[in-house]
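Following: one structure in structure tokens, then a few remarks.
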Amino acid sequence: MKLAVIYYSKTGQTKEMAETIVAGMEKAGCEGRLFSVEEPVDAAYLKESAGIVFGSPTYMATSHWRMTRWLLEESKGISFAGKLGGGFATAHYAQGGSDTAILSMLGVLLVKGMLVYSSGSAFGQPFIHHGPVALDAVGDHYEESKAIFEVFGQRFAEKAIELFGK
């Protein structure tokens, strides 16, 4: 099964977490590919993908304008209807708005007809409400978050397999 992660990264941290999600997808037996909104995406691959996770750094308590522009304008020729969708964010501080950044992307995914997945608390620890978040200015949170991002990727892939078959 094909899955994708589409992200914007200014410092490389969001890209690193996107790579970690893909590792989790692959752990579940799926093919995962990364796409930066700064480069042309492979629309044919996205069409064949059962699910797509979107990631952004947090700016002003929302997703970065570059990610928003891609979702609202540059992706117009790509159908997301019926696909599994999810989101993640990176931020500096816990009160930096990372949850609202994720929710700003998830709202667009719902409008585009995607089935939104968060993992929630249904699968136990680690609880991943809305989507995973990595904070770089809070102790060792950034490095410790990698395990949660990998779990999210694996759970996302397992849900895609459950919904759409292998």
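Each chain of the structure tokens is named A, B, ... in the order shown, its residues numbered from 1; ligands are numbered from 1 in display order.
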| message | Let's see if you can do this: from backbone DSSP, list all helix (DSSP H, G or I) residues in chain A, as a ChimeraX atom specification. | response | /A:13-27,43-48,65-74,98-111,141-164
If we count only C-alpha atoms and set the cut-off at 7 Å, which residues sit around Val116 in chain A, ignoring sequence neighbours fewer than 5 positions away in its own chain? Please answer as a PDB file with all heavy atoms, in the first residue's frame.
```pdb
ATOM      1  N   LEU A  84      -7.238   8.505   3.576  1.00  0.00           N
ATOM      2  CA  LEU A  84      -6.984   8.743   4.987  1.00  0.00           C
ATOM      3  C   LEU A  84      -6.043   9.937   5.102  1.00  0.00           C
ATOM      4  O   LEU A  84      -5.088  10.055   4.331  1.00  0.00           O
ATOM      5  CB  LEU A  84      -6.341   7.499   5.608  1.00  0.00           C
ATOM      6  CG  LEU A  84      -6.256   7.439   7.125  1.00  0.00           C
ATOM      7  CD1 LEU A  84      -7.652   7.463   7.743  1.00  0.00           C
ATOM      8  CD2 LEU A  84      -5.514   6.180   7.557  1.00  0.00           C
ATOM      9  N   GLY A  85      -6.323  10.845   6.005  1.00  0.00           N
ATOM     10  CA  GLY A  85      -5.494  12.035   6.175  1.00  0.00           C
ATOM     11  C   GLY A  85      -5.118  12.244   7.631  1.00  0.00           C
ATOM     12  O   GLY A  85      -5.858  11.854   8.532  1.00  0.00           O
ATOM     13  N   GLY A  86      -3.973  12.853   7.844  1.00  0.00           N
ATOM     14  CA  GLY A  86      -3.529  13.152   9.199  1.00  0.00           C
ATOM     15  C   GLY A  86      -2.592  14.341   9.191  1.00  0.00           C
ATOM     16  O   GLY A  86      -2.188  14.820   8.124  1.00  0.00           O
ATOM     17  N   LEU A 106      -6.114  19.920   9.417  1.00  0.00           N
ATOM     18  CA  LEU A 106      -7.149  18.892   9.404  1.00  0.00           C
ATOM     19  C   LEU A 106      -8.477  19.436   8.891  1.00  0.00           C
ATOM     20  O   LEU A 106      -9.215  18.722   8.209  1.00  0.00           O
ATOM     21  CB  LEU A 106      -7.323  18.282  10.802  1.00  0.00           C
ATOM     22  CG  LEU A 106      -6.135  17.517  11.388  1.00  0.00           C
ATOM     23  CD1 LEU A 106      -6.516  16.889  12.724  1.00  0.00           C
ATOM     24  CD2 LEU A 106      -5.589  16.483  10.433  1.00  0.00           C
ATOM     25  N   LEU A 110     -10.657  17.781   5.819  1.00  0.00           N
ATOM     26  CA  LEU A 110     -12.078  17.421   5.873  1.00  0.00           C
ATOM     27  C   LEU A 110     -12.839  18.022   4.697  1.00  0.00           C
ATOM     28  O   LEU A 110     -13.660  17.347   4.065  1.00  0.00           O
ATOM     29  CB  LEU A 110     -12.692  17.886   7.195  1.00  0.00           C
ATOM     30  CG  LEU A 110     -12.277  17.094   8.434  1.00  0.00           C
ATOM     31  CD1 LEU A 110     -12.708  17.814   9.699  1.00  0.00           C
ATOM     32  CD2 LEU A 110     -12.862  15.689   8.384  1.00  0.00           C
TER      33      LEU A 110
END
```
Pick out the residues sitting within 9 Å of Lys27 in chain A, and hand them over as a tab-separated table (two decimals) with N, CA and C atoms, in the first residue's frame; count only C-alpha atoms, and ignore anything fewer than 2 positions along from it in its own chain.
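Produced file out-v8.tsv, reproduced below:
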```tsv
chain	number	residue	atom	x	y	z
A	22	VAL	N	7.42	8.25	8.10
A	22	VAL	CA	7.58	7.30	7.00
A	22	VAL	C	8.21	6.00	7.51
A	23	ALA	N	9.18	6.10	8.40
A	23	ALA	CA	9.79	4.89	8.98
A	23	ALA	C	8.73	4.04	9.68
A	24	GLY	N	7.81	4.68	10.38
A	24	GLY	CA	6.73	3.96	11.04
A	24	GLY	C	5.78	3.31	10.04
A	25	MET	N	5.49	4.02	8.95
A	25	MET	CA	4.64	3.46	7.90
A	25	MET	C	5.28	2.20	7.31
A	29	GLY	N	4.63	-2.23	7.00
A	29	GLY	CA	4.60	-2.92	5.72
A	29	GLY	C	4.12	-2.11	4.55
A	30	CYS	N	4.01	-0.80	4.71
A	30	CYS	CA	3.56	0.06	3.62
A	30	CYS	C	4.73	0.78	2.96
A	150	GLU	N	7.12	7.90	15.12
A	150	GLU	CA	7.20	6.60	14.47
A	150	GLU	C	5.96	5.77	14.78
A	153	GLY	N	3.13	7.02	12.61
A	153	GLY	CA	3.26	6.52	11.24
A	153	GLY	C	2.81	5.08	11.13
A	154	GLN	N	3.19	4.27	12.10
A	154	GLN	CA	2.81	2.86	12.09
A	154	GLN	C	1.30	2.71	12.28
A	157	ALA	N	-0.56	3.78	9.13
A	157	ALA	CA	-0.48	2.74	8.10
A	157	ALA	C	-1.40	1.56	8.44
```
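With distances restricted to only C-alpha atoms, A:Phe54 is the closest residue to Pro132 in chain A from A:Phe80, A:Trp70, A:Phe54, A:Tyr59.
Separating CA of Glu38 in chain A from CA of Ile148 in chain A is a distance of 25.8 Å.
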| When you draw a straight line from CA of Val53 in chain A to CA of His92 in chain A, how long is it in Å? | 20.9 Å
